[in-house]
>>> print(open('work-v3.pdb').read())   # PDB, C-alpha atoms
ATOM      1  CA  MET A   1     -17.143  22.247   0.796  1.00  0.00           C
ATOM      2  CA  ALA A   2     -14.510  20.447   2.847  1.00  0.00           C
ATOM      3  CA  THR A   3     -12.487  17.733   1.120  1.00  0.00           C
ATOM      4  CA  PRO A   4     -13.446  14.311   2.504  1.00  0.00           C
ATOM      5  CA  PRO A   5     -10.806  11.956   3.909  1.00  0.00           C
ATOM      6  CA  ILE A   6      -9.293   9.818   1.194  1.00  0.00           C
ATOM      7  CA  ILE A   7      -9.889   6.755   3.404  1.00  0.00           C
ATOM      8  CA  GLU A   8     -12.554   6.545   6.076  1.00  0.00           C
ATOM      9  CA  PHE A   9     -13.768   3.641   8.229  1.00  0.00           C
ATOM     10  CA  ARG A  10     -17.027   4.118  10.101  1.00  0.00           C
ATOM     11  CA  ASP A  11     -17.561   1.390  12.691  1.00  0.00           C
ATOM     12  CA  VAL A  12     -16.076  -1.262  10.377  1.00  0.00           C
ATOM     13  CA  ALA A  13     -16.292  -4.878  11.526  1.00  0.00           C
ATOM     14  CA  ARG A  14     -14.922  -7.944   9.778  1.00  0.00           C
ATOM     15  CA  VAL A  15     -16.062 -11.267  11.189  1.00  0.00           C
ATOM     16  CA  TYR A  16     -14.855 -14.705  10.097  1.00  0.00           C
ATOM     17  CA  GLY A  17     -16.660 -17.909  11.037  1.00  0.00           C
ATOM     18  CA  THR A  18     -19.773 -18.330  13.158  1.00  0.00           C
ATOM     19  CA  GLY A  19     -20.700 -19.478  16.635  1.00  0.00           C
ATOM     20  CA  ALA A  20     -17.818 -20.776  18.720  1.00  0.00           C
ATOM     21  CA  ALA A  21     -15.476 -20.401  15.718  1.00  0.00           C
ATOM     22  CA  GLU A  22     -16.276 -16.703  15.227  1.00  0.00           C
ATOM     23  CA  VAL A  23     -13.290 -14.370  14.972  1.00  0.00           C
ATOM     24  CA  ARG A  24     -13.792 -10.609  14.976  1.00  0.00           C
ATOM     25  CA  ALA A  25     -10.726  -9.498  13.024  1.00  0.00           C
ATOM     26  CA  LEU A  26     -12.053  -5.933  13.055  1.00  0.00           C
ATOM     27  CA  ASP A  27     -14.437  -4.956  15.827  1.00  0.00           C
ATOM     28  CA  GLY A  28     -16.037  -1.614  15.021  1.00  0.00           C
ATOM     29  CA  VAL A  29     -13.023   0.334  13.746  1.00  0.00           C
ATOM     30  CA  SER A  30     -13.410   4.034  12.970  1.00  0.00           C
ATOM     31  CA  LEU A  31     -10.480   5.933  11.462  1.00  0.00           C
ATOM     32  CA  SER A  32      -9.671   8.304   8.632  1.00  0.00           C
ATOM     33  CA  VAL A  33      -6.668   9.123   6.453  1.00  0.00           C
ATOM     34  CA  GLU A  34      -6.368  12.545   4.851  1.00  0.00           C
ATOM     35  CA  PRO A  35      -4.831  13.131   1.399  1.00  0.00           C
ATOM     36  CA  GLY A  36      -1.047  13.430   1.654  1.00  0.00           C
ATOM     37  CA  GLU A  37      -0.673  11.610   4.971  1.00  0.00           C
ATOM     38  CA  PHE A  38       1.907   8.920   5.718  1.00  0.00           C
ATOM     39  CA  VAL A  39       0.344   6.577   8.267  1.00  0.00           C
ATOM     40  CA  ALA A  40       1.911   3.518   9.887  1.00  0.00           C
ATOM     41  CA  VAL A  41      -0.333   0.795  11.330  1.00  0.00           C
ATOM     42  CA  MET A  42       1.144  -1.429  14.027  1.00  0.00           C
ATOM     43  CA  GLY A  43      -0.048  -4.045  16.485  1.00  0.00           C
ATOM     44  CA  PRO A  44       0.615  -7.580  17.680  1.00  0.00           C
ATOM     45  CA  SER A  45      -0.220 -10.633  15.589  1.00  0.00           C
ATOM     46  CA  GLY A  46      -3.991 -10.949  15.271  1.00  0.00           C
ATOM     47  CA  SER A  47      -4.593  -7.265  16.013  1.00  0.00           C
ATOM     48  CA  GLY A  48      -6.459  -6.698  12.740  1.00  0.00           C
ATOM     49  CA  LYS A  49      -3.880  -4.519  10.981  1.00  0.00           C
ATOM     50  CA  SER A  50      -3.595  -6.760   7.906  1.00  0.00           C
ATOM     51  CA  THR A  51      -7.375  -7.162   7.706  1.00  0.00           C
ATOM     52  CA  ALA A  52      -7.733  -3.380   7.811  1.00  0.00           C
ATOM     53  CA  MET A  53      -5.200  -3.111   4.988  1.00  0.00           C
ATOM     54  CA  ASN A  54      -7.097  -5.697   2.926  1.00  0.00           C
ATOM     55  CA  VAL A  55     -10.351  -3.776   3.376  1.00  0.00           C
ATOM     56  CA  MET A  56      -8.657  -0.507   2.370  1.00  0.00           C
ATOM     57  CA  GLY A  57      -7.310  -2.231  -0.739  1.00  0.00           C
ATOM     58  CA  CYS A  58     -10.720  -3.647  -1.697  1.00  0.00           C
ATOM     59  CA  LEU A  59      -9.284  -7.149  -1.300  1.00  0.00           C
ATOM     60  CA  ASP A  60     -11.822  -7.876   1.458  1.00  0.00           C
ATOM     61  CA  ARG A  61     -15.192  -6.408   2.439  1.00  0.00           C
ATOM     62  CA  PRO A  62     -16.501  -5.361   5.854  1.00  0.00           C
ATOM     63  CA  THR A  63     -19.086  -7.587   7.499  1.00  0.00           C
ATOM     64  CA  SER A  64     -20.706  -4.387   8.779  1.00  0.00           C
ATOM     65  CA  GLY A  65     -19.981  -0.686   8.953  1.00  0.00           C
ATOM     66  CA  HIS A  66     -18.898   1.635   6.157  1.00  0.00           C
ATOM     67  CA  TYR A  67     -15.705   2.079   4.144  1.00  0.00           C
ATOM     68  CA  LEU A  68     -15.549   5.302   2.134  1.00  0.00           C
ATOM     69  CA  PHE A  69     -12.876   6.166  -0.432  1.00  0.00           C
ATOM     70  CA  ASN A  70     -12.843   9.843  -1.374  1.00  0.00           C
ATOM     71  CA  GLY A  71     -16.304  10.078   0.151  1.00  0.00           C
ATOM     72  CA  ILE A  72     -17.692   7.211  -1.946  1.00  0.00           C
ATOM     73  CA  GLU A  73     -19.249   4.231  -0.163  1.00  0.00           C
ATOM     74  CA  VAL A  74     -17.131   1.296  -1.351  1.00  0.00           C
ATOM     75  CA  GLY A  75     -19.699  -1.230  -0.128  1.00  0.00           C
ATOM     76  CA  ALA A  76     -22.183   0.138  -2.663  1.00  0.00           C
ATOM     77  CA  LEU A  77     -19.823  -0.562  -5.580  1.00  0.00           C
ATOM     78  CA  THR A  78     -20.105  -3.632  -7.781  1.00  0.00           C
ATOM     79  CA  GLN A  79     -17.262  -6.134  -7.988  1.00  0.00           C
ATOM     80  CA  ASP A  80     -16.172  -4.615 -11.311  1.00  0.00           C
ATOM     81  CA  GLN A  81     -16.258  -1.096  -9.855  1.00  0.00           C
ATOM     82  CA  ARG A  82     -14.120  -2.176  -6.905  1.00  0.00           C
ATOM     83  CA  ALA A  83     -11.648  -3.708  -9.364  1.00  0.00           C
ATOM     84  CA  LEU A  84     -11.512  -0.386 -11.220  1.00  0.00           C
ATOM     85  CA  LEU A  85     -10.904   1.441  -7.938  1.00  0.00           C
ATOM     86  CA  ARG A  86      -7.948  -0.866  -7.209  1.00  0.00           C
ATOM     87  CA  ARG A  87      -6.622  -0.509 -10.727  1.00  0.00           C
ATOM     88  CA  HIS A  88      -6.806   3.274 -11.039  1.00  0.00           C
ATOM     89  CA  TYR A  89      -6.518   4.684  -7.523  1.00  0.00           C
ATOM     90  CA  LEU A  90      -4.509   2.227  -5.408  1.00  0.00           C
ATOM     91  CA  GLY A  91      -0.919   0.992  -5.529  1.00  0.00           C
ATOM     92  CA  PHE A  92       0.290  -2.036  -3.564  1.00  0.00           C
ATOM     93  CA  ILE A  93       3.701  -2.886  -2.115  1.00  0.00           C
ATOM     94  CA  PHE A  94       4.207  -6.307  -0.530  1.00  0.00           C
ATOM     95  CA  GLN A  95       6.817  -7.816   1.759  1.00  0.00           C
ATOM     96  CA  GLY A  96       7.681 -10.506  -0.797  1.00  0.00           C
ATOM     97  CA  TYR A  97       8.034  -8.105  -3.790  1.00  0.00           C
ATOM     98  CA  ASN A  98       5.742 -10.355  -5.937  1.00  0.00           C
ATOM     99  CA  LEU A  99       7.812  -9.855  -9.091  1.00  0.00           C
ATOM    100  CA  LEU A 100       7.556 -12.216 -12.059  1.00  0.00           C
ATOM    101  CA  ALA A 101      10.829 -14.156 -12.156  1.00  0.00           C
ATOM    102  CA  ARG A 102      11.484 -14.450 -15.895  1.00  0.00           C
ATOM    103  CA  THR A 103      10.370 -10.905 -16.657  1.00  0.00           C
ATOM    104  CA  THR A 104      12.515  -7.766 -16.705  1.00  0.00           C
ATOM    105  CA  ALA A 105      12.130  -4.964 -14.213  1.00  0.00           C
ATOM    106  CA  LEU A 106      10.546  -2.852 -16.946  1.00  0.00           C
ATOM    107  CA  GLN A 107       8.027  -5.561 -17.842  1.00  0.00           C
ATOM    108  CA  ASN A 108       7.146  -6.075 -14.169  1.00  0.00           C
ATOM    109  CA  VAL A 109       6.406  -2.373 -13.795  1.00  0.00           C
ATOM    110  CA  GLU A 110       4.387  -2.380 -17.028  1.00  0.00           C
ATOM    111  CA  LEU A 111       2.077  -5.147 -15.801  1.00  0.00           C
ATOM    112  CA  PRO A 112      -0.582  -3.005 -14.049  1.00  0.00           C
ATOM    113  CA  LEU A 113      -0.540  -0.652 -17.046  1.00  0.00           C
ATOM    114  CA  ILE A 114      -1.572  -3.542 -19.283  1.00  0.00           C
ATOM    115  CA  TYR A 115      -4.590  -4.095 -17.043  1.00  0.00           C
ATOM    116  CA  LYS A 116      -5.267  -0.370 -17.220  1.00  0.00           C
ATOM    117  CA  GLY A 117      -5.430  -0.635 -21.014  1.00  0.00           C
ATOM    118  CA  LEU A 118      -2.443   1.524 -22.018  1.00  0.00           C
ATOM    119  CA  GLY A 119      -0.746   0.991 -25.397  1.00  0.00           C
ATOM    120  CA  ARG A 120       2.765  -0.411 -25.578  1.00  0.00           C
ATOM    121  CA  ALA A 121       4.651   2.859 -26.121  1.00  0.00           C
ATOM    122  CA  GLU A 122       2.690   4.647 -23.393  1.00  0.00           C
ATOM    123  CA  ARG A 123       3.221   1.715 -20.999  1.00  0.00           C
ATOM    124  CA  GLU A 124       6.953   1.646 -21.573  1.00  0.00           C
ATOM    125  CA  ALA A 125       7.329   5.394 -21.091  1.00  0.00           C
ATOM    126  CA  ALA A 126       5.321   5.355 -17.858  1.00  0.00           C
ATOM    127  CA  ALA A 127       7.213   2.305 -16.543  1.00  0.00           C
ATOM    128  CA  LEU A 128      10.604   3.857 -17.317  1.00  0.00           C
ATOM    129  CA  ALA A 129       9.537   7.075 -15.588  1.00  0.00           C
ATOM    130  CA  ALA A 130       8.512   5.087 -12.494  1.00  0.00           C
ATOM    131  CA  LEU A 131      11.800   3.172 -12.475  1.00  0.00           C
ATOM    132  CA  ASP A 132      13.688   6.451 -12.822  1.00  0.00           C
ATOM    133  CA  LYS A 133      11.805   7.840  -9.808  1.00  0.00           C
ATOM    134  CA  VAL A 134      13.117   4.966  -7.659  1.00  0.00           C
ATOM    135  CA  GLY A 135      16.630   5.235  -9.130  1.00  0.00           C
ATOM    136  CA  LEU A 136      16.558   2.062 -11.219  1.00  0.00           C
ATOM    137  CA  ALA A 137      16.087   3.179 -14.829  1.00  0.00           C
ATOM    138  CA  HIS A 138      19.565   1.800 -15.569  1.00  0.00           C
ATOM    139  CA  ARG A 139      18.410  -1.673 -14.433  1.00  0.00           C
ATOM    140  CA  ALA A 140      15.219  -1.702 -16.500  1.00  0.00           C
ATOM    141  CA  HIS A 141      16.221  -4.722 -18.586  1.00  0.00           C
ATOM    142  CA  HIS A 142      17.486  -6.894 -15.727  1.00  0.00           C
ATOM    143  CA  ASP A 143      15.508  -9.828 -14.353  1.00  0.00           C
ATOM    144  CA  PRO A 144      14.729  -9.968 -10.604  1.00  0.00           C
ATOM    145  CA  SER A 145      17.397 -12.652 -10.142  1.00  0.00           C
ATOM    146  CA  GLU A 146      19.986 -10.064 -11.228  1.00  0.00           C
ATOM    147  CA  LEU A 147      18.821  -7.544  -8.617  1.00  0.00           C
ATOM    148  CA  SER A 148      19.433  -7.290  -4.872  1.00  0.00           C
ATOM    149  CA  GLY A 149      16.527  -7.528  -2.434  1.00  0.00           C
ATOM    150  CA  GLY A 150      16.501  -3.749  -2.028  1.00  0.00           C
ATOM    151  CA  GLN A 151      16.479  -3.273  -5.795  1.00  0.00           C
ATOM    152  CA  GLN A 152      13.647  -5.769  -6.187  1.00  0.00           C
ATOM    153  CA  GLN A 153      11.600  -3.822  -3.639  1.00  0.00           C
ATOM    154  CA  ARG A 154      12.355  -0.614  -5.550  1.00  0.00           C
ATOM    155  CA  VAL A 155      10.978  -2.280  -8.687  1.00  0.00           C
ATOM    156  CA  ALA A 156       7.886  -3.233  -6.683  1.00  0.00           C
ATOM    157  CA  ILE A 157       7.522   0.388  -5.560  1.00  0.00           C
ATOM    158  CA  ALA A 158       7.913   1.570  -9.164  1.00  0.00           C
ATOM    159  CA  ARG A 159       5.161  -0.870 -10.166  1.00  0.00           C
ATOM    160  CA  ALA A 160       2.912   0.608  -7.475  1.00  0.00           C
ATOM    161  CA  LEU A 161       3.668   4.149  -8.693  1.00  0.00           C
ATOM    162  CA  ALA A 162       3.321   3.488 -12.428  1.00  0.00           C
ATOM    163  CA  THR A 163      -0.457   3.861 -12.545  1.00  0.00           C
ATOM    164  CA  GLY A 164      -0.403   7.209 -10.718  1.00  0.00           C
ATOM    165  CA  PRO A 165      -2.339   6.017  -7.652  1.00  0.00           C
ATOM    166  CA  GLN A 166      -3.881   8.313  -5.051  1.00  0.00           C
ATOM    167  CA  VAL A 167      -2.935   5.919  -2.245  1.00  0.00           C
ATOM    168  CA  VAL A 168      -0.129   3.395  -1.838  1.00  0.00           C
ATOM    169  CA  LEU A 169      -0.763   0.533   0.589  1.00  0.00           C
ATOM    170  CA  ALA A 170       2.477  -1.008   1.838  1.00  0.00           C
ATOM    171  CA  ASP A 171       2.315  -4.316   3.712  1.00  0.00           C
ATOM    172  CA  GLU A 172       5.570  -4.910   5.651  1.00  0.00           C
ATOM    173  CA  PRO A 173       7.629  -3.352   2.819  1.00  0.00           C
ATOM    174  CA  THR A 174      10.948  -3.872   4.653  1.00  0.00           C
ATOM    175  CA  GLY A 175      10.158  -7.275   6.169  1.00  0.00           C
ATOM    176  CA  ASN A 176      12.561  -9.177   3.893  1.00  0.00           C
ATOM    177  CA  LEU A 177      15.383  -6.626   3.936  1.00  0.00           C
ATOM    178  CA  ASP A 178      18.444  -6.016   6.068  1.00  0.00           C
ATOM    179  CA  THR A 179      18.769  -2.785   8.045  1.00  0.00           C
ATOM    180  CA  LYS A 180      20.666  -0.831   5.395  1.00  0.00           C
ATOM    181  CA  ARG A 181      18.240  -1.744   2.599  1.00  0.00           C
ATOM    182  CA  SER A 182      15.276  -1.109   4.920  1.00  0.00           C
ATOM    183  CA  VAL A 183      16.489   2.417   5.587  1.00  0.00           C
ATOM    184  CA  GLU A 184      16.921   3.021   1.839  1.00  0.00           C
ATOM    185  CA  ILE A 185      13.349   1.891   1.148  1.00  0.00           C
ATOM    186  CA  MET A 186      11.915   3.967   3.987  1.00  0.00           C
ATOM    187  CA  ASP A 187      13.880   7.034   2.860  1.00  0.00           C
ATOM    188  CA  LEU A 188      12.355   6.540  -0.588  1.00  0.00           C
ATOM    189  CA  LEU A 189       8.799   6.188   0.724  1.00  0.00           C
ATOM    190  CA  GLN A 190       9.268   9.216   2.970  1.00  0.00           C
ATOM    191  CA  ALA A 191      10.516  11.273   0.002  1.00  0.00           C
ATOM    192  CA  LEU A 192       7.552  10.205  -2.163  1.00  0.00           C
ATOM    193  CA  ASN A 193       5.210  11.327   0.592  1.00  0.00           C
ATOM    194  CA  ARG A 194       7.045  14.581   1.338  1.00  0.00           C
ATOM    195  CA  ASP A 195       7.965  15.679  -2.192  1.00  0.00           C
ATOM    196  CA  ASP A 196       5.140  14.229  -4.293  1.00  0.00           C
ATOM    197  CA  GLY A 197       2.346  14.371  -1.721  1.00  0.00           C
ATOM    198  CA  LEU A 198       1.670  10.654  -2.107  1.00  0.00           C
ATOM    199  CA  THR A 199      -0.694   9.213   0.497  1.00  0.00           C
ATOM    200  CA  ILE A 200       0.844   6.105   2.089  1.00  0.00           C
ATOM    201  CA  VAL A 201      -0.622   3.641   4.563  1.00  0.00           C
ATOM    202  CA  MET A 202       1.947   1.118   5.789  1.00  0.00           C
ATOM    203  CA  VAL A 203       1.546  -1.952   7.978  1.00  0.00           C
ATOM    204  CA  THR A 204       4.736  -2.798   9.869  1.00  0.00           C
ATOM    205  CA  HIS A 205       5.872  -4.591  13.013  1.00  0.00           C
ATOM    206  CA  GLU A 206       9.097  -2.571  13.236  1.00  0.00           C
ATOM    207  CA  GLU A 207       8.958   0.567  15.391  1.00  0.00           C
ATOM    208  CA  ASP A 208      12.021   2.115  13.746  1.00  0.00           C
ATOM    209  CA  MET A 209      10.353   1.797  10.333  1.00  0.00           C
ATOM    210  CA  ALA A 210       7.058   3.204  11.659  1.00  0.00           C
ATOM    211  CA  ALA A 211       8.989   6.276  12.833  1.00  0.00           C
ATOM    212  CA  TYR A 212       9.366   7.330   9.188  1.00  0.00           C
ATOM    213  CA  ALA A 213       5.601   7.878   9.000  1.00  0.00           C
ATOM    214  CA  ARG A 214       3.991  11.025  10.349  1.00  0.00           C
ATOM    215  CA  ARG A 215       1.250   9.223  12.237  1.00  0.00           C
ATOM    216  CA  LEU A 216       0.988   5.902  14.047  1.00  0.00           C
ATOM    217  CA  ILE A 217      -2.184   3.848  14.519  1.00  0.00           C
ATOM    218  CA  TRP A 218      -1.792   1.058  17.080  1.00  0.00           C
ATOM    219  CA  MET A 219      -4.291  -1.797  16.876  1.00  0.00           C
ATOM    220  CA  VAL A 220      -5.118  -4.468  19.461  1.00  0.00           C
ATOM    221  CA  ASP A 221      -7.819  -7.162  19.231  1.00  0.00           C
ATOM    222  CA  GLY A 222      -9.479  -5.647  16.173  1.00  0.00           C
ATOM    223  CA  ASN A 223      -9.688  -2.143  17.613  1.00  0.00           C
ATOM    224  CA  VAL A 224      -7.708   1.088  17.370  1.00  0.00           C
ATOM    225  CA  GLN A 225      -6.007   1.432  20.744  1.00  0.00           C
ATOM    226  CA  SER A 226      -4.159   4.655  19.956  1.00  0.00           C
ATOM    227  CA  ASP A 227      -3.778   7.108  17.061  1.00  0.00           C
ATOM    228  CA  ARG A 228      -1.087   9.740  17.419  1.00  0.00           C
ATOM    229  CA  PRO A 229       1.602  11.671  15.554  1.00  0.00           C
ATOM    230  CA  THR A 230       5.049  10.081  15.479  1.00  0.00           C
ATOM    231  CA  LYS A 231       8.027  11.785  17.098  1.00  0.00           C
ATOM    232  CA  GLY A 232       9.285  12.865  13.697  1.00  0.00           C
ATOM    233  CA  ALA A 233       5.950  14.209  12.472  1.00  0.00           C
ATOM    234  CA  GLY A 234       6.854  17.813  13.019  1.00  0.00           C
TER     235      GLY A 234
END
>>> encode(input="work-v3.pdb", output="structure tokens")
Amino acid sequence: MATPPIIEFRDVARVYGTGAAEVRALDGVSLSVEPGEFVAVMGPSGSGKSTAMNVMGCLDRPTSGHYLFNGIEVGALTQDQRALLRRHYLGFIFQGYNLLARTTALQNVELPLIYKGLGRAEREAAALAALDKVGLAHRAHHDPSELSGGQQQRVAIARALATGPQVVLADEPTGNLDTKRSVEIMDLLQALNRDDGLTIVMVTHEEDMAAYARRLIWMVDGNVQSDRPTKGAG
């Protein structure tokens, strides 16, 4: 039996408001992401790319259509089941890092492991391993204020990796970084995809960052306008 896509949208719509105030953020989107892919999603403001990301991350639900994760209909899951899916199978990276200010890098990375129910020793070992993977084990006991923007984003990536997710969803991961730090972060994400087989879906507005992915989905007005390999995909 063929392995299903890890992410699949079948005619997904997301509508906000009613009547004259209705906004179709997603307007019948169909797409799929296979295990091990690195996909960039681009489009102008209001194109639906962030809404699509929120649906993939179980942070929002389609108004109609079907979202399947590993072949499972997410719309049929209870709220608690969707929370478990987020907790055990998805990792999130945000533009603003979202680190707790008065908490060390290690403790920030441990946070999702607390929600996952791991004991203290197991949490610390997993968090240190994740920090080591992003090259920051030596900064484990530093607060975010003692780290550069690039280092803070590396901590955020380690936090996303700590739970061993099947998919990492990255929302403008280089949006707050200068060019040098952006390249470092994209090199890291590309290596995690290439060497570890991690599935990554990234929303970005920067074409040079999207080029690190192997596939580019371009969205306009809530629809997929194009879906093609990037120049560096080969």
>>> atom_distance(input="work-v3.pdb", atom1="atom CA of A:Ala127", atom2="atom CA of A:Arg159")
7.4 Å
>>> closest_residue(input="work-v3.pdb", among="A:Ala156, A:Lys49, A:Phe69, A:Ala83", to="A:Leu100", atoms="all atoms listed in the file")
A:Ala156
>>> closest_residue(input="work-v3.pdb", among="A:Gln95, A:Gln225, A:Thr199, A:Ser182", to="A:Ile6", atoms="all atoms listed in the file")
A:Thr199
>>> resolve_selection(input="work-v3.pdb", expression="the PyMOL selection byres ((chain A and resi 41) around 8)", output="list of chain:residue names")
A:Val39, A:Ala40, A:Met42, A:Gly43, A:Lys49, A:Val201, A:Met202, A:Val203, A:Thr204, A:Ala210, A:Leu216, A:Ile217, A:Trp218, A:Met219
>>> atom_distance(input="work-v3.pdb", atom1="atom CA of A:Asn193", atom2="atom CA of A:Ala129")
17.3 Å
>>> closest_residue(input="work-v3.pdb", among="A:Pro44, A:Gly96, A:Gly71, A:Gly119", to="A:Glu207", atoms="all atoms listed in the file")
A:Pro44
>>> closest_residue(input="work-v3.pdb", among="A:Ser32, A:Thr3, A:Ser45, A:Gln166", to="A:Gly197", atoms="all atoms listed in the file")
A:Gln166
>>> atom_distance(input="work-v3.pdb", atom1="atom CA of A:Gly117", atom2="atom CA of A:Ile185")
29.2 Å
>>> closest_residue(input="work-v3.pdb", among="A:Tyr115, A:Phe9, A:Phe92, A:Tyr16", to="A:Val33", atoms="all atoms listed in the file")
A:Phe9
>>> closest_residue(input="work-v3.pdb", among="A:Gly28, A:Gly17, A:Pro173, A:Pro112", to="A:Arg87", atoms="all atoms listed in the file")
A:Pro112
>>> resolve_selection(input="work-v3.pdb", expression="the PyMOL selection byres ((chain A and resi 149) around 10)", output="VMD selection string")
chain A and resid 96 to 97 144 to 148 150 to 155 174 176 to 178 181 to 182
>>> residues_near_point(input="work-v3.pdb", point="(15.8, -1.8, -20.7)", cutoff="7 Å", atoms="all atoms listed in the file", output="PyMOL selection string")
chain A and resi 106+139-141
>>> resolve_selection(input="work-v3.pdb", expression="the PyMOL selection byres ((chain A and resi 86) around 10)", output="mmCIF file with C-alpha atoms, in the frame of the given file")
data_model
loop_
_atom_site.group_PDB
_atom_site.id
_atom_site.type_symbol
_atom_site.label_atom_id
_atom_site.label_comp_id
_atom_site.auth_asym_id
_atom_site.auth_seq_id
_atom_site.Cartn_x
_atom_site.Cartn_y
_atom_site.Cartn_z
ATOM 1 C CA MET A 56 -8.657 -0.507 2.370
ATOM 2 C CA GLY A 57 -7.310 -2.231 -0.739
ATOM 3 C CA CYS A 58 -10.720 -3.647 -1.697
ATOM 4 C CA LEU A 59 -9.284 -7.149 -1.300
ATOM 5 C CA ASP A 80 -16.172 -4.615 -11.311
ATOM 6 C CA GLN A 81 -16.258 -1.096 -9.855
ATOM 7 C CA ARG A 82 -14.120 -2.176 -6.905
ATOM 8 C CA ALA A 83 -11.648 -3.708 -9.364
ATOM 9 C CA LEU A 84 -11.512 -0.386 -11.220
ATOM 10 C CA LEU A 85 -10.904 1.441 -7.938
ATOM 11 C CA ARG A 87 -6.622 -0.509 -10.727
ATOM 12 C CA HIS A 88 -6.806 3.274 -11.039
ATOM 13 C CA TYR A 89 -6.518 4.684 -7.523
ATOM 14 C CA LEU A 90 -4.509 2.227 -5.408
ATOM 15 C CA GLY A 91 -0.919 0.992 -5.529
ATOM 16 C CA PHE A 92 0.290 -2.036 -3.564
ATOM 17 C CA PRO A 165 -2.339 6.017 -7.652
ATOM 18 C CA VAL A 167 -2.935 5.919 -2.245
#
>>> residues_around(input="work-v3.pdb", residues="A:Val12", least_positions_apart="3", cutoff="10 Å", atoms="only C-alpha atoms", output="list in words")
Glu8, Phe9, Leu26, Asp27, Gly28, Val29, Ser30, Leu31, Ala52, Val55, Arg61, Pro62, Thr63, Ser64, Gly65, His66, Tyr67, Gly222 and Asn223 of chain A
>>> write_last_selection(input="work-v3.pdb", atoms="C-alpha atoms", output="compact mmCIF listing (two decimals), keeping the file's coordinate frame")
# COMPACT_ATOMS: atom_id res chain seq x y z
CA GLU A 8 -12.55 6.54 6.08
CA PHE A 9 -13.77 3.64 8.23
CA LEU A 26 -12.05 -5.93 13.06
CA ASP A 27 -14.44 -4.96 15.83
CA GLY A 28 -16.04 -1.61 15.02
CA VAL A 29 -13.02 0.33 13.75
CA SER A 30 -13.41 4.03 12.97
CA LEU A 31 -10.48 5.93 11.46
CA ALA A 52 -7.73 -3.38 7.81
CA VAL A 55 -10.35 -3.78 3.38
CA ARG A 61 -15.19 -6.41 2.44
CA PRO A 62 -16.50 -5.36 5.85
CA THR A 63 -19.09 -7.59 7.50
CA SER A 64 -20.71 -4.39 8.78
CA GLY A 65 -19.98 -0.69 8.95
CA HIS A 66 -18.90 1.64 6.16
CA TYR A 67 -15.70 2.08 4.14
CA GLY A 222 -9.48 -5.65 16.17
CA ASN A 223 -9.69 -2.14 17.61
>>> residues_around(input="work-v3.pdb", residues="A:Leu189", least_positions_apart="6", cutoff="10 Å", atoms="only C-alpha atoms", output="PyMOL selection string")
chain A and resi 38+134+154+157+168+170+173+183+195+198-200+202+212-213
